[in-house]
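Raw target_36.txt, compact mmCIF, C-alpha atoms and all ligand atoms:
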```txt
# COMPACT_ATOMS: atom_id res chain seq x y z
CA MET I 1 0.78 -10.03 -28.06
CA LYS I 2 -0.11 -12.63 -25.44
CA PRO I 3 -2.38 -11.15 -22.77
CA ARG I 4 -1.00 -10.73 -19.27
CA VAL I 5 -2.84 -13.01 -16.87
CA LEU I 6 -3.71 -11.35 -13.58
CA THR I 7 -4.82 -12.12 -10.08
CA ILE I 8 -6.04 -9.11 -8.11
CA LEU I 9 -5.85 -9.53 -4.33
CA GLY I 10 -8.20 -6.99 -2.76
CA ALA I 11 -10.20 -6.50 -5.97
CA THR I 12 -13.20 -5.07 -4.12
CA GLY I 13 -11.14 -2.28 -2.51
CA THR I 14 -10.23 1.15 -3.82
CA ILE I 15 -7.04 0.01 -5.54
CA GLY I 16 -8.74 -3.12 -6.88
CA VAL I 17 -11.58 -1.13 -8.42
CA ASN I 18 -9.12 1.32 -10.01
CA THR I 19 -7.08 -1.59 -11.37
CA LEU I 20 -10.14 -3.12 -13.02
CA ASP I 21 -11.00 0.29 -14.46
CA VAL I 22 -7.61 0.46 -16.20
CA VAL I 23 -7.81 -3.19 -17.30
CA ALA I 24 -11.22 -2.57 -18.90
CA ARG I 25 -9.70 0.20 -21.05
CA HIS I 26 -7.44 -2.34 -22.78
CA PRO I 27 -9.51 -5.24 -24.12
CA GLY I 28 -7.34 -8.21 -25.07
CA ARG I 29 -4.29 -6.94 -23.22
CA PHE I 30 -5.12 -8.45 -19.82
CA GLU I 31 -6.96 -11.54 -18.70
CA ILE I 32 -8.34 -11.86 -15.19
CA PHE I 33 -7.61 -15.21 -13.58
CA ALA I 34 -8.81 -14.46 -10.03
CA LEU I 35 -10.38 -11.68 -7.99
CA THR I 36 -10.41 -11.65 -4.19
CA GLY I 37 -12.35 -9.82 -1.51
CA ALA I 38 -13.29 -10.21 2.13
CA THR I 39 -16.95 -9.34 2.74
CA GLN I 40 -18.35 -7.25 -0.13
CA VAL I 41 -20.40 -9.86 -1.97
CA GLU I 42 -22.45 -7.66 -4.27
CA ARG I 43 -19.41 -5.77 -5.52
CA MET I 44 -17.72 -9.10 -6.23
CA VAL I 45 -20.77 -10.38 -8.13
CA GLU I 46 -20.67 -7.25 -10.28
CA GLN I 47 -16.92 -7.67 -10.90
CA CYS I 48 -17.42 -11.32 -11.86
CA ARG I 49 -20.16 -10.36 -14.29
CA THR I 50 -17.93 -7.77 -15.98
CA HIS I 51 -14.53 -9.44 -15.87
CA ARG I 52 -15.32 -13.19 -15.95
CA PRO I 53 -12.47 -14.49 -13.75
CA ARG I 54 -11.89 -18.25 -13.36
CA PHE I 55 -11.87 -17.86 -9.56
CA ALA I 56 -13.40 -15.50 -7.03
CA VAL I 57 -12.06 -15.78 -3.49
CA MET I 58 -13.73 -14.43 -0.37
CA SER I 59 -11.45 -14.61 2.68
CA GLU I 60 -14.56 -14.75 4.91
CA PRO I 61 -16.29 -18.15 4.58
CA ALA I 62 -19.77 -16.71 5.24
CA ALA I 63 -19.28 -14.21 2.42
CA ALA I 64 -18.02 -17.02 0.18
CA ALA I 65 -21.20 -19.03 0.82
CA GLU I 66 -23.30 -16.02 -0.07
CA LEU I 67 -21.23 -15.37 -3.19
CA ARG I 68 -21.58 -19.01 -4.32
CA ALA I 69 -25.35 -18.70 -4.20
CA ARG I 70 -25.32 -15.41 -6.11
CA ILE I 71 -22.93 -16.77 -8.77
CA ALA I 72 -25.26 -19.76 -9.29
CA GLU I 73 -28.27 -17.42 -9.59
CA GLU I 74 -26.46 -15.42 -12.25
CA CYS I 75 -25.28 -18.58 -14.06
CA LEU I 76 -21.66 -17.34 -14.13
CA ALA I 77 -18.79 -19.76 -14.81
CA VAL I 78 -16.77 -18.64 -11.81
CA GLU I 79 -15.47 -20.97 -9.12
CA VAL I 80 -15.76 -19.54 -5.61
CA LEU I 81 -13.01 -20.31 -3.09
CA GLU I 82 -12.66 -19.21 0.53
CA GLY I 83 -10.15 -18.57 3.27
CA ALA I 84 -6.56 -17.38 3.51
CA ALA I 85 -5.05 -20.47 1.85
CA ALA I 86 -7.11 -19.78 -1.28
CA LEU I 87 -5.57 -16.30 -1.47
CA THR I 88 -2.13 -17.89 -1.71
CA GLU I 89 -3.39 -20.44 -4.21
CA VAL I 90 -4.62 -17.83 -6.70
CA ALA I 91 -1.59 -15.58 -6.08
CA THR I 92 0.84 -18.34 -7.03
CA ALA I 93 -1.12 -20.29 -9.68
CA PRO I 94 1.06 -21.29 -12.64
CA GLU I 95 -1.51 -19.74 -15.00
CA ILE I 96 -0.80 -16.17 -13.82
CA ASP I 97 2.18 -13.96 -14.58
CA THR I 98 1.10 -10.81 -12.70
CA LEU I 99 -0.22 -10.19 -9.20
CA MET I 100 -1.84 -6.97 -8.05
CA ALA I 101 -1.31 -7.07 -4.27
CA ALA I 102 -3.98 -4.71 -2.92
CA ILE I 103 -5.21 -6.24 0.31
CA VAL I 104 -5.01 -3.78 3.20
CA GLY I 105 -2.76 -4.60 6.15
CA ALA I 106 -0.55 -7.50 7.19
CA ALA I 107 -3.38 -9.82 6.09
CA GLY I 108 -1.91 -9.50 2.60
CA LEU I 109 1.54 -10.73 3.59
CA PRO I 110 1.38 -14.54 3.24
CA ALA I 111 -0.10 -14.57 -0.27
CA THR I 112 2.08 -11.72 -1.53
CA LEU I 113 5.26 -13.28 -0.15
CA ALA I 114 4.29 -16.60 -1.71
CA ALA I 115 3.90 -14.86 -5.09
CA ALA I 116 7.35 -13.31 -4.64
CA ARG I 117 8.77 -16.77 -4.02
CA ALA I 118 6.94 -18.05 -7.09
CA GLY I 119 8.64 -15.44 -9.30
CA LYS I 120 5.56 -13.47 -10.34
CA ARG I 121 5.52 -9.86 -11.52
CA ILE I 122 4.19 -8.15 -8.39
CA LEU I 123 2.37 -4.83 -8.50
CA LEU I 124 2.64 -3.86 -4.83
CA ALA I 125 0.02 -1.60 -3.29
CA ASN I 126 -0.07 -3.47 0.02
CA LYS I 127 2.73 -1.49 1.70
CA GLU I 128 2.19 -3.23 5.06
CA THR I 129 3.67 -6.39 3.50
CA LEU I 130 7.00 -4.65 2.93
CA VAL I 131 6.90 -2.86 6.28
CA VAL I 132 6.43 -6.15 8.13
CA SER I 133 8.69 -8.43 6.11
CA GLY I 134 11.09 -6.06 4.27
CA GLN I 135 14.31 -8.07 4.20
CA LEU I 136 12.59 -11.42 3.84
CA PHE I 137 10.40 -10.12 1.01
CA MET I 138 13.26 -8.51 -0.91
CA ASP I 139 15.37 -11.66 -0.49
CA ALA I 140 12.50 -13.72 -1.91
CA ILE I 141 12.22 -11.37 -4.91
CA ALA I 142 15.97 -11.61 -5.56
CA ALA I 143 16.07 -15.39 -5.17
CA SER I 144 13.17 -16.11 -7.52
CA GLY I 145 13.86 -13.37 -10.06
CA ALA I 146 10.39 -11.95 -9.46
CA GLU I 147 9.75 -8.41 -10.67
CA LEU I 148 8.52 -5.81 -8.16
CA LEU I 149 6.70 -2.68 -9.35
CA PRO I 150 5.51 -0.17 -6.75
CA ILE I 151 1.92 1.08 -6.89
CA ASP I 152 2.08 3.51 -3.97
CA SER I 153 2.10 6.83 -5.83
CA GLU I 154 5.26 8.11 -4.10
CA HIS I 155 7.27 4.97 -4.78
CA ASN I 156 5.95 4.71 -8.29
CA ALA I 157 7.10 8.31 -8.81
CA ILE I 158 10.56 7.52 -7.44
CA PHE I 159 10.74 4.39 -9.58
CA GLN I 160 9.98 6.56 -12.61
CA ALA I 161 12.55 9.21 -11.59
CA LEU I 162 15.42 6.72 -10.99
CA PRO I 163 17.55 5.39 -13.85
CA ARG I 164 15.86 2.36 -15.44
CA ASP I 165 18.87 0.17 -14.55
CA PHE I 166 19.03 1.33 -10.90
CA ASP I 167 20.09 -1.64 -8.78
CA GLY I 168 20.08 -0.14 -5.30
CA ASP I 169 23.55 1.39 -5.49
CA PHE I 170 23.03 5.09 -4.62
CA GLN I 171 26.69 5.97 -5.12
CA GLN I 172 26.92 4.49 -8.56
CA ALA I 173 23.64 6.02 -9.72
CA GLY I 174 24.65 9.42 -8.29
CA VAL I 175 21.55 9.47 -6.08
CA LYS I 176 21.76 11.62 -2.95
CA ALA I 177 18.28 11.35 -1.50
CA LEU I 178 14.72 10.23 -2.09
CA TRP I 179 12.07 12.86 -1.34
CA LEU I 180 8.68 11.49 -0.41
CA THR I 181 5.91 14.05 -0.70
CA ALA I 182 3.05 13.98 1.80
CA SER I 183 -0.24 15.82 1.42
CA GLY I 184 -0.26 16.43 5.16
CA GLY I 185 -3.73 14.88 5.35
CA PRO I 186 -6.95 16.43 6.62
CA PHE I 187 -5.43 17.64 9.92
CA ARG I 188 -2.44 19.48 8.47
CA THR I 189 -3.59 22.89 9.64
CA LEU I 190 -5.41 21.82 12.85
CA SER I 191 -4.16 22.69 16.34
CA ALA I 192 -2.98 19.92 18.67
CA GLU I 193 -6.22 20.36 20.66
CA ALA I 194 -8.40 19.94 17.59
CA ILE I 195 -6.42 16.86 16.53
CA ALA I 196 -6.90 15.34 20.00
CA ALA I 197 -10.69 15.66 19.54
CA ALA I 198 -10.75 14.41 15.93
CA THR I 199 -13.52 12.01 14.90
CA PRO I 200 -13.32 9.09 12.43
CA ALA I 201 -15.48 11.02 9.93
CA GLN I 202 -12.98 13.90 9.97
CA ALA I 203 -10.02 11.55 9.65
CA VAL I 204 -11.28 9.70 6.57
CA ALA I 205 -12.14 12.91 4.68
CA HIS I 206 -8.90 13.18 2.73
CA PRO I 207 -8.46 16.42 0.75
CA ASN I 208 -6.93 14.92 -2.43
CA TRP I 209 -7.38 11.14 -2.59
CA VAL I 210 -10.29 8.71 -2.26
CA MET I 211 -8.93 5.69 -0.39
CA GLY I 212 -9.85 2.85 1.94
CA LYS I 213 -10.58 3.81 5.55
CA LYS I 214 -7.41 2.41 7.09
CA ILE I 215 -5.01 4.24 4.78
CA SER I 216 -7.14 7.39 5.16
CA VAL I 217 -6.63 7.36 8.93
CA ASP I 218 -2.94 6.62 8.35
CA SER I 219 -2.78 9.70 6.14
CA ALA I 220 -4.36 11.83 8.85
CA SER I 221 -1.81 10.64 11.46
CA LEU I 222 1.12 10.73 8.97
CA MET I 223 1.68 7.05 9.78
CA ASN I 224 1.02 6.48 6.10
CA LYS I 225 4.16 8.50 5.35
CA GLY I 226 5.99 6.61 8.08
CA LEU I 227 5.04 3.27 6.52
CA GLU I 228 6.11 4.68 3.15
CA VAL I 229 9.54 5.65 4.53
CA ILE I 230 10.03 2.02 5.55
CA GLU I 231 8.63 0.85 2.21
CA ALA I 232 11.15 3.11 0.39
CA ARG I 233 14.00 1.72 2.45
CA TRP I 234 13.30 -1.77 1.13
CA LEU I 235 12.21 -0.99 -2.42
CA PHE I 236 15.22 1.18 -3.20
CA ASN I 237 17.83 -0.05 -0.70
CA ALA I 238 17.95 3.42 0.91
CA ARG I 239 19.52 4.19 4.27
CA PRO I 240 17.15 5.98 6.68
CA GLU I 241 19.04 9.28 6.35
CA GLN I 242 18.69 9.13 2.55
CA ILE I 243 14.88 9.27 2.83
CA LYS I 244 13.35 12.73 3.27
CA VAL I 245 9.74 13.75 3.76
CA VAL I 246 8.29 17.04 2.55
CA VAL I 247 4.67 18.13 2.96
CA HIS I 248 3.14 19.21 -0.37
CA PRO I 249 -0.59 19.84 0.19
CA GLN I 250 -1.60 19.88 -3.50
CA SER I 251 -0.45 16.27 -4.20
CA ILE I 252 0.74 17.18 -7.70
CA VAL I 253 4.41 16.28 -7.24
CA HIS I 254 4.18 12.62 -6.29
CA SER I 255 7.82 12.33 -5.13
CA MET I 256 11.36 13.21 -6.21
CA VAL I 257 14.89 11.90 -6.57
CA GLU I 258 17.78 14.22 -5.71
CA TYR I 259 21.03 13.58 -7.60
CA ALA I 260 24.68 14.39 -6.81
CA ASP I 261 24.84 17.12 -9.44
CA GLY I 262 21.99 19.08 -7.86
CA SER I 263 19.30 17.81 -10.23
CA VAL I 264 16.00 16.91 -8.66
CA ILE I 265 13.74 14.76 -10.84
CA ALA I 266 10.08 14.77 -9.88
CA GLN I 267 7.10 12.90 -11.25
CA MET I 268 3.90 14.93 -11.39
CA GLY I 269 0.30 14.31 -12.32
CA THR I 270 -3.32 14.67 -11.35
CA PRO I 271 -3.76 12.79 -8.07
CA ASP I 272 -5.40 9.61 -9.39
CA MET I 273 -4.15 6.11 -8.51
CA ARG I 274 -4.91 4.92 -12.03
CA THR I 275 -1.65 6.58 -13.18
CA PRO I 276 0.72 4.43 -11.08
CA ILE I 277 -1.54 1.41 -11.65
CA ALA I 278 -1.43 1.84 -15.44
CA TYR I 279 2.32 2.46 -15.33
CA ALA I 280 2.87 -0.85 -13.56
CA LEU I 281 0.29 -2.78 -15.58
CA GLY I 282 1.81 -1.69 -18.88
CA PHE I 283 5.48 -1.53 -17.83
CA PRO I 284 7.68 -0.80 -19.70
CA GLU I 285 5.05 0.58 -22.05
CA ARG I 286 2.88 3.60 -21.21
CA ILE I 287 -0.81 2.89 -21.56
CA ASP I 288 -3.99 4.96 -21.22
CA ALA I 289 -5.16 5.29 -17.62
CA GLY I 290 -8.31 7.38 -18.11
CA VAL I 291 -6.74 10.11 -15.97
CA SER I 292 -7.53 13.76 -16.67
CA ALA I 293 -4.58 15.86 -17.87
CA LEU I 294 -2.65 17.83 -15.27
CA GLN I 295 -3.71 21.49 -15.31
CA LEU I 296 -0.80 23.57 -14.03
CA MET I 297 -1.86 26.98 -15.30
CA GLY I 298 -2.66 29.27 -12.39
CA ARG I 299 -1.85 26.63 -9.79
CA GLN I 300 0.38 27.23 -6.78
CA LEU I 301 2.53 24.40 -5.51
CA SER I 302 3.85 24.66 -1.96
CA PHE I 303 6.20 22.67 0.23
CA GLU I 304 6.72 22.64 4.01
CA ALA I 305 8.43 20.56 6.70
CA PRO I 306 6.37 17.89 8.47
CA ASP I 307 5.51 18.62 12.11
CA THR I 308 6.44 15.55 14.15
CA ALA I 309 5.19 17.19 17.36
CA ARG I 310 1.56 17.17 16.18
CA PHE I 311 2.11 14.00 14.14
CA PRO I 312 4.38 11.73 16.22
CA CYS I 313 3.62 8.63 14.12
CA LEU I 314 6.07 9.75 11.43
CA GLN I 315 8.93 9.84 13.93
CA LEU I 316 7.88 6.50 15.44
CA ALA I 317 8.21 4.93 12.01
CA PHE I 318 11.68 6.41 11.45
CA ASP I 319 12.67 5.11 14.91
CA ALA I 320 11.37 1.62 14.12
CA LEU I 321 13.26 1.63 10.84
CA VAL I 322 16.51 2.54 12.58
CA ALA I 323 15.88 -0.03 15.34
CA GLY I 324 15.52 -2.85 12.79
CA GLY I 325 14.71 -6.45 13.77
CA ASN I 326 11.02 -6.91 14.53
CA ALA I 327 10.35 -3.20 15.23
CA ALA I 328 8.61 -2.38 11.96
CA ALA I 329 6.36 -5.44 12.28
CA VAL I 330 5.46 -4.38 15.82
CA LEU I 331 4.83 -0.79 14.72
CA ASN I 332 2.57 -1.94 11.90
CA ALA I 333 0.50 -4.34 13.99
CA ALA I 334 0.03 -1.84 16.83
CA ASN I 335 -1.05 0.74 14.27
CA GLU I 336 -3.55 -1.62 12.62
CA VAL I 337 -5.17 -2.38 15.98
CA ALA I 338 -5.28 1.26 17.08
CA VAL I 339 -6.71 2.46 13.76
CA ALA I 340 -9.43 -0.20 13.91
CA ARG I 341 -10.34 0.86 17.47
CA PHE I 342 -10.32 4.52 16.46
CA LEU I 343 -12.65 3.80 13.53
CA GLU I 344 -14.99 1.91 15.89
CA GLY I 345 -15.09 4.97 18.14
CA ALA I 346 -13.33 3.04 20.93
CA ALA I 347 -10.05 5.00 20.94
CA SER I 348 -9.12 8.65 20.52
CA PHE I 349 -6.98 9.84 17.63
CA ASN I 350 -3.98 10.46 19.90
CA ALA I 351 -4.31 6.97 21.37
CA ILE I 352 -3.03 5.68 18.03
CA ALA I 353 0.48 7.11 18.49
CA ALA I 354 0.43 6.42 22.23
CA SER I 355 -0.38 2.74 21.79
CA ILE I 356 2.26 2.31 19.09
CA ALA I 357 4.92 3.92 21.31
CA HIS I 358 3.82 1.73 24.24
CA THR I 359 3.89 -1.47 22.15
CA LEU I 360 7.28 -0.67 20.61
CA GLY I 361 8.64 -0.06 24.11
CA LYS I 362 7.43 -3.49 25.24
CA LEU I 363 8.29 -5.63 22.23
CA ALA I 364 10.68 -4.11 19.76
CA ASN I 365 13.92 -5.84 20.53
CA GLY I 366 13.37 -9.26 19.01
CA ALA I 367 15.04 -10.74 15.97
CA ALA I 368 12.98 -11.36 12.87
CA HIS I 369 14.55 -13.76 10.41
CA THR I 370 11.68 -15.98 9.35
CA LEU I 371 8.06 -15.48 8.42
CA ASP I 372 7.12 -17.20 11.68
CA ASP I 373 9.20 -14.70 13.71
CA LEU I 374 7.39 -11.86 11.96
CA LEU I 375 3.92 -13.33 12.35
CA GLU I 376 4.64 -13.95 16.04
CA ALA I 377 5.79 -10.32 16.49
CA ASP I 378 2.60 -9.25 14.71
CA ARG I 379 0.41 -11.40 17.01
CA GLN I 380 2.12 -10.23 20.21
CA ALA I 381 1.98 -6.59 19.18
CA ARG I 382 -1.76 -6.86 18.47
CA ARG I 383 -2.26 -8.32 21.96
CA VAL I 384 -0.16 -5.63 23.71
CA ALA I 385 -1.71 -2.75 21.77
CA ASP I 386 -5.22 -4.05 22.37
CA ALA I 387 -4.62 -4.41 26.12
CA TYR I 388 -3.15 -0.92 26.30
CA LEU I 389 -6.11 0.62 24.46
CA GLY I 390 -8.49 -1.31 26.72
CA GLN I 391 -6.79 0.19 29.80
CA LEU I 392 -7.05 3.70 28.33
CA ARG I 393 -10.81 3.19 27.99
CA ALA I 394 -11.24 1.74 31.48
P1 LIG C 401 -9.62 -0.85 0.83
O1 LIG C 401 -10.00 -0.93 2.25
O2 LIG C 401 -10.41 -0.01 -0.09
O3 LIG C 401 -9.60 -2.32 0.22
C1 LIG C 401 -8.98 -3.38 0.88
C2 LIG C 401 -9.17 -4.70 0.14
O4 LIG C 401 -8.58 -5.75 0.94
C3 LIG C 401 -10.63 -5.09 -0.09
O5 LIG C 401 -10.74 -5.79 -1.30
C4 LIG C 401 -10.90 -6.06 1.08
O6 LIG C 401 -11.89 -7.01 0.75
C5 LIG C 401 -9.56 -6.74 1.24
N1 LIG C 401 -9.32 -7.21 2.60
C6 LIG C 401 -9.45 -6.50 3.74
N2 LIG C 401 -9.13 -7.25 4.83
C7 LIG C 401 -8.80 -8.48 4.33
C8 LIG C 401 -8.39 -9.69 4.95
N3 LIG C 401 -8.26 -9.80 6.28
N4 LIG C 401 -8.12 -10.74 4.15
C9 LIG C 401 -8.25 -10.64 2.82
N5 LIG C 401 -8.64 -9.52 2.17
C10 LIG C 401 -8.92 -8.45 2.93
O7 LIG C 401 -8.09 -0.41 0.81
P2 LIG C 401 -7.29 0.35 -0.35
O8 LIG C 401 -7.38 1.80 -0.16
O9 LIG C 401 -7.64 -0.23 -1.68
O10 LIG C 401 -5.79 -0.06 0.02
C11 LIG C 401 -5.27 -1.33 -0.26
C12 LIG C 401 -3.76 -1.30 -0.04
O11 LIG C 401 -3.18 -0.39 -0.97
C13 LIG C 401 -3.35 -0.81 1.36
O12 LIG C 401 -2.21 -1.49 1.77
C14 LIG C 401 -3.03 0.65 1.11
O13 LIG C 401 -2.08 1.15 2.04
C15 LIG C 401 -2.44 0.60 -0.28
N6 LIG C 401 -2.54 1.87 -1.00
C16 LIG C 401 -3.76 2.40 -1.28
C17 LIG C 401 -3.85 3.62 -1.94
C18 LIG C 401 -5.19 4.23 -2.28
O14 LIG C 401 -5.22 5.29 -2.91
N7 LIG C 401 -6.31 3.63 -1.92
C19 LIG C 401 -2.69 4.30 -2.31
C20 LIG C 401 -1.46 3.72 -2.01
C21 LIG C 401 -1.40 2.50 -1.37
MG MG C 402 1.24 6.80 -0.98
```
Show how you would write the structure in this file as structure tokens.
Amino acid sequence: MKPRVLTILGATGTIGVNTLDVVARHPGRFEIFALTGATQVERMVEQCRTHRPRFAVMSEPAAAAELRARIAEECLAVEVLEGAAALTEVATAPEIDTLMAAIVGAAGLPATLAAARAGKRILLANKETLVVSGQLFMDAIAASGAELLPIDSEHNAIFQALPRDFDGDFQQAGVKALWLTASGGPFRTLSAEAIAAATPAQAVAHPNWVMGKKISVDSASLMNKGLEVIEARWLFNARPEQIKVVVHPQSIVHSMVEYADGSVIAQMGTPDMRTPIAYALGFPERIDAGVSALQLMGRQLSFEAPDTARFPCLQLAFDALVAGGNAAAVLNAANEVAVARFLEGAASFNAIAASIAHTLGKLANGAAHTLDDLLEADRQARRVADAYLGQLRA
């Protein structure tokens, strides 16, 4: 069997590290063409030593300079590239057939969209790409014949629970609804007062998953589930009312598909991102992921409705989805800015939802047909959200 040739965007992040862990379990099956990171030089050096890519890209030029020196010291045959254009270059190179898109935020959009246009098999972790550019991205996939495999555990679960030949026609497949499970995050049982006083350290302490900081805060605010609702809309061609959210604190049921005959098909497993990563890497084959077996004996699984009063971000995302146009791009950008300020200690937890609502109110009525429209909506929303958060501080 010819090895699959991979580029991993965001290799130094949580998803990137888990991807390399699965790859290393299957010598000869995968070849690494390029790894990318932003600032973590030492982790990249270590990954280059172990996985011997042709290219290592650092989006930050200063980090690239540092990496170049370290690669020379270690006498590794790896070429170091830098900047955003290099991300697109390694994501679309003719040598690769598979892209793991695991950059966090809208920063991942240009390279991932370019890979979609180039007809690659895309393993999509970077949900913000779909939230910002949904229609455009799905059109690019359809036009090029690229293959899109979801990495987000919920969407990977739904993908597994849908018929293999599902083409987006709910009626024909007898699908009634998609049920996204949410852990509820670290603040699930906190009072509104306690949530208002929440610190970054509390927000990133997720009960079930180890993740990057941004998605951890999103999980605490339930914006992560909101982004996933929008992601599901595009991946599976679902109407907003066909997407349901249920809080399931144990994170064992990763999501479900409800069918016309009353059947509900769920995918379960130990919460470990290597399962969806291995599923997508090996697709359609099942390969070892190094994940410990699910222990169900003596376990209680529970389900409850999400509380959009304490967690308004989830409703904001549904509203943006229904509004259409540039609204989801605006929502995403405002959220990215607010989460960054919150993590810096310069905004309160509740300022996240407030600044998103404010920014949506100001900007979300524009059309969004081209990548430029979307990037412009993203830029404007960052400006508006930043100004609003600055005023709150003043
Ligand atoms: P992370 O913060 O651990 O890693 C992010 C990666 O992106 C790093 O390699 C970093 O170098 C790179 N990066 C950051 N900013 C960049 C920029 N401006 N330009 C280029 N590269 C940049 O994040 P993560 O938890 O691995 O999440 C990555 C993506 O996967 C996110 O979109 C997240 O929502 C999604 N996701 C993550 C998980 C999880 O369990 N971690 C689960 C589902 C989906
Ligand atoms: Mg998820």
Write out as a tab-separated table the residues of chain I that have any atom within 6 Å of an atom of ligand MG 402 (chain C), one row each with the nearest atom pair and its distance in Å to one decimal, counting all atoms listed in the file, sorted by chain and then rising number.
```
residue	atom	partner	partner_atom	distance
I:Asp152	CA	C:MG402	MG	4.5
I:Ser153	CA	C:MG402	MG	4.9
I:Glu154	CA	C:MG402	MG	5.3
```
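Nearest residue to Leu343 of chain I, choosing from I:Val204, I:Ala146, I:Met58, I:Val90 and counting all atoms listed in the file: I:Val204.
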Per residue of chain I within 6 Å of ligand LIG 401 (chain C), record the nearest atom pair and its distance in Å to one decimal, counting all atoms listed in the file, with rows in chain order and ascending residue number, as CSV.
```
residue,atom,partner,partner_atom,distance
I:Gly10,CA,C:LIG401,O5,3.2
I:Ala11,CA,C:LIG401,O5,4.8
I:Thr12,CA,C:LIG401,O5,3.8
I:Gly13,CA,C:LIG401,O3,3.1
I:Thr14,CA,C:LIG401,O9,3.6
I:Ile15,CA,C:LIG401,O9,3.9
I:Gly37,CA,C:LIG401,O6,3.6
I:Ala38,CA,C:LIG401,O6,3.8
I:Thr39,CA,C:LIG401,O6,5.9
I:Ser59,CA,C:LIG401,C9,5.1
I:Ala102,CA,C:LIG401,C12,4.5
I:Ile103,CA,C:LIG401,O4,3.5
I:Val104,CA,C:LIG401,C13,3.9
I:Gly105,CA,C:LIG401,O12,5.4
I:Ala107,CA,C:LIG401,N3,4.9
I:Ala125,CA,C:LIG401,O11,4.1
I:Asn126,CA,C:LIG401,O12,3.4
I:Lys127,CA,C:LIG401,O12,4.9
I:Glu128,CA,C:LIG401,O12,5.8
I:Asp152,CA,C:LIG401,C20,4.1
I:Met211,CA,C:LIG401,N7,3.7
I:Gly212,CA,C:LIG401,O8,3.4
I:Lys213,CA,C:LIG401,O1,5.8
I:Ile215,CA,C:LIG401,O13,5.1
I:Met273,CA,C:LIG401,O14,5.8
```
For C-alpha atoms, I'd like the residues from the last selection saved as a PDB file, in the coordinates of the input.
```
ATOM      1  CA  GLY I  10      -8.200  -6.990  -2.760  1.00  0.00           C
ATOM      2  CA  ALA I  11     -10.200  -6.500  -5.970  1.00  0.00           C
ATOM      3  CA  THR I  12     -13.200  -5.070  -4.120  1.00  0.00           C
ATOM      4  CA  GLY I  13     -11.140  -2.280  -2.510  1.00  0.00           C
ATOM      5  CA  THR I  14     -10.230   1.150  -3.820  1.00  0.00           C
ATOM      6  CA  ILE I  15      -7.040   0.010  -5.540  1.00  0.00           C
ATOM      7  CA  GLY I  37     -12.350  -9.820  -1.510  1.00  0.00           C
ATOM      8  CA  ALA I  38     -13.290 -10.210   2.130  1.00  0.00           C
ATOM      9  CA  THR I  39     -16.950  -9.340   2.740  1.00  0.00           C
ATOM     10  CA  SER I  59     -11.450 -14.610   2.680  1.00  0.00           C
ATOM     11  CA  ALA I 102      -3.980  -4.710  -2.920  1.00  0.00           C
ATOM     12  CA  ILE I 103      -5.210  -6.240   0.310  1.00  0.00           C
ATOM     13  CA  VAL I 104      -5.010  -3.780   3.200  1.00  0.00           C
ATOM     14  CA  GLY I 105      -2.760  -4.600   6.150  1.00  0.00           C
ATOM     15  CA  ALA I 107      -3.380  -9.820   6.090  1.00  0.00           C
ATOM     16  CA  ALA I 125       0.020  -1.600  -3.290  1.00  0.00           C
ATOM     17  CA  ASN I 126      -0.070  -3.470   0.020  1.00  0.00           C
ATOM     18  CA  LYS I 127       2.730  -1.490   1.700  1.00  0.00           C
ATOM     19  CA  GLU I 128       2.190  -3.230   5.060  1.00  0.00           C
ATOM     20  CA  ASP I 152       2.080   3.510  -3.970  1.00  0.00           C
ATOM     21  CA  MET I 211      -8.930   5.690  -0.390  1.00  0.00           C
ATOM     22  CA  GLY I 212      -9.850   2.850   1.940  1.00  0.00           C
ATOM     23  CA  LYS I 213     -10.580   3.810   5.550  1.00  0.00           C
ATOM     24  CA  ILE I 215      -5.010   4.240   4.780  1.00  0.00           C
ATOM     25  CA  MET I 273      -4.150   6.110  -8.510  1.00  0.00           C
TER      26      MET I 273
END
```
For segment 137-204 of chain I versus segment 220-235 of chain I, which residues have an atom no more than 10 Å away, and what is each residue's nearest atom pair and distance in Å rounded to one decimal, using all atoms listed in the file, chain-then-number order, as a tab-separated table?
```
residue	atom	partner	partner_atom	distance
I:Phe137	CA	I:Trp234	CA	8.8
I:Met138	CA	I:Trp234	CA	7.0
I:Leu148	CA	I:Leu235	CA	8.4
I:Leu149	CA	I:Leu235	CA	9.0
I:Pro150	CA	I:Leu235	CA	8.0
I:Asp152	CA	I:Glu228	CA	8.3
I:Glu154	CA	I:Glu228	CA	8.1
I:His155	CA	I:Ala232	CA	6.7
I:Ile158	CA	I:Ala232	CA	9.0
I:Phe159	CA	I:Leu235	CA	9.1
I:Gly168	CA	I:Leu235	CA	8.4
I:Leu178	CA	I:Ala232	CA	8.3
I:Trp179	CA	I:Val229	CA	9.6
I:Leu180	CA	I:Val229	CA	7.7
I:Thr181	CA	I:Lys225	CA	8.4
I:Ala182	CA	I:Lys225	CA	6.6
I:Ser183	CA	I:Leu222	CA	9.2
I:Gly184	CA	I:Leu222	CA	7.0
I:Gly185	CA	I:Ala220	CA	4.7
I:Pro186	CA	I:Ala220	CA	5.7
I:Phe187	CA	I:Ala220	CA	6.0
I:Arg188	CA	I:Ala220	CA	7.9
I:Ile195	CA	I:Ser221	CA	9.3
I:Ala198	CA	I:Ala220	CA	9.9
I:Gln202	CA	I:Ala220	CA	8.9
I:Ala203	CA	I:Ala220	CA	5.7
I:Val204	CA	I:Ala220	CA	7.6
```
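Among the candidates I:Glu60, I:Asp167, I:Glu193, I:Glu147, the one nearest to Pro284 of chain I when counting all atoms listed in the file is I:Glu147.
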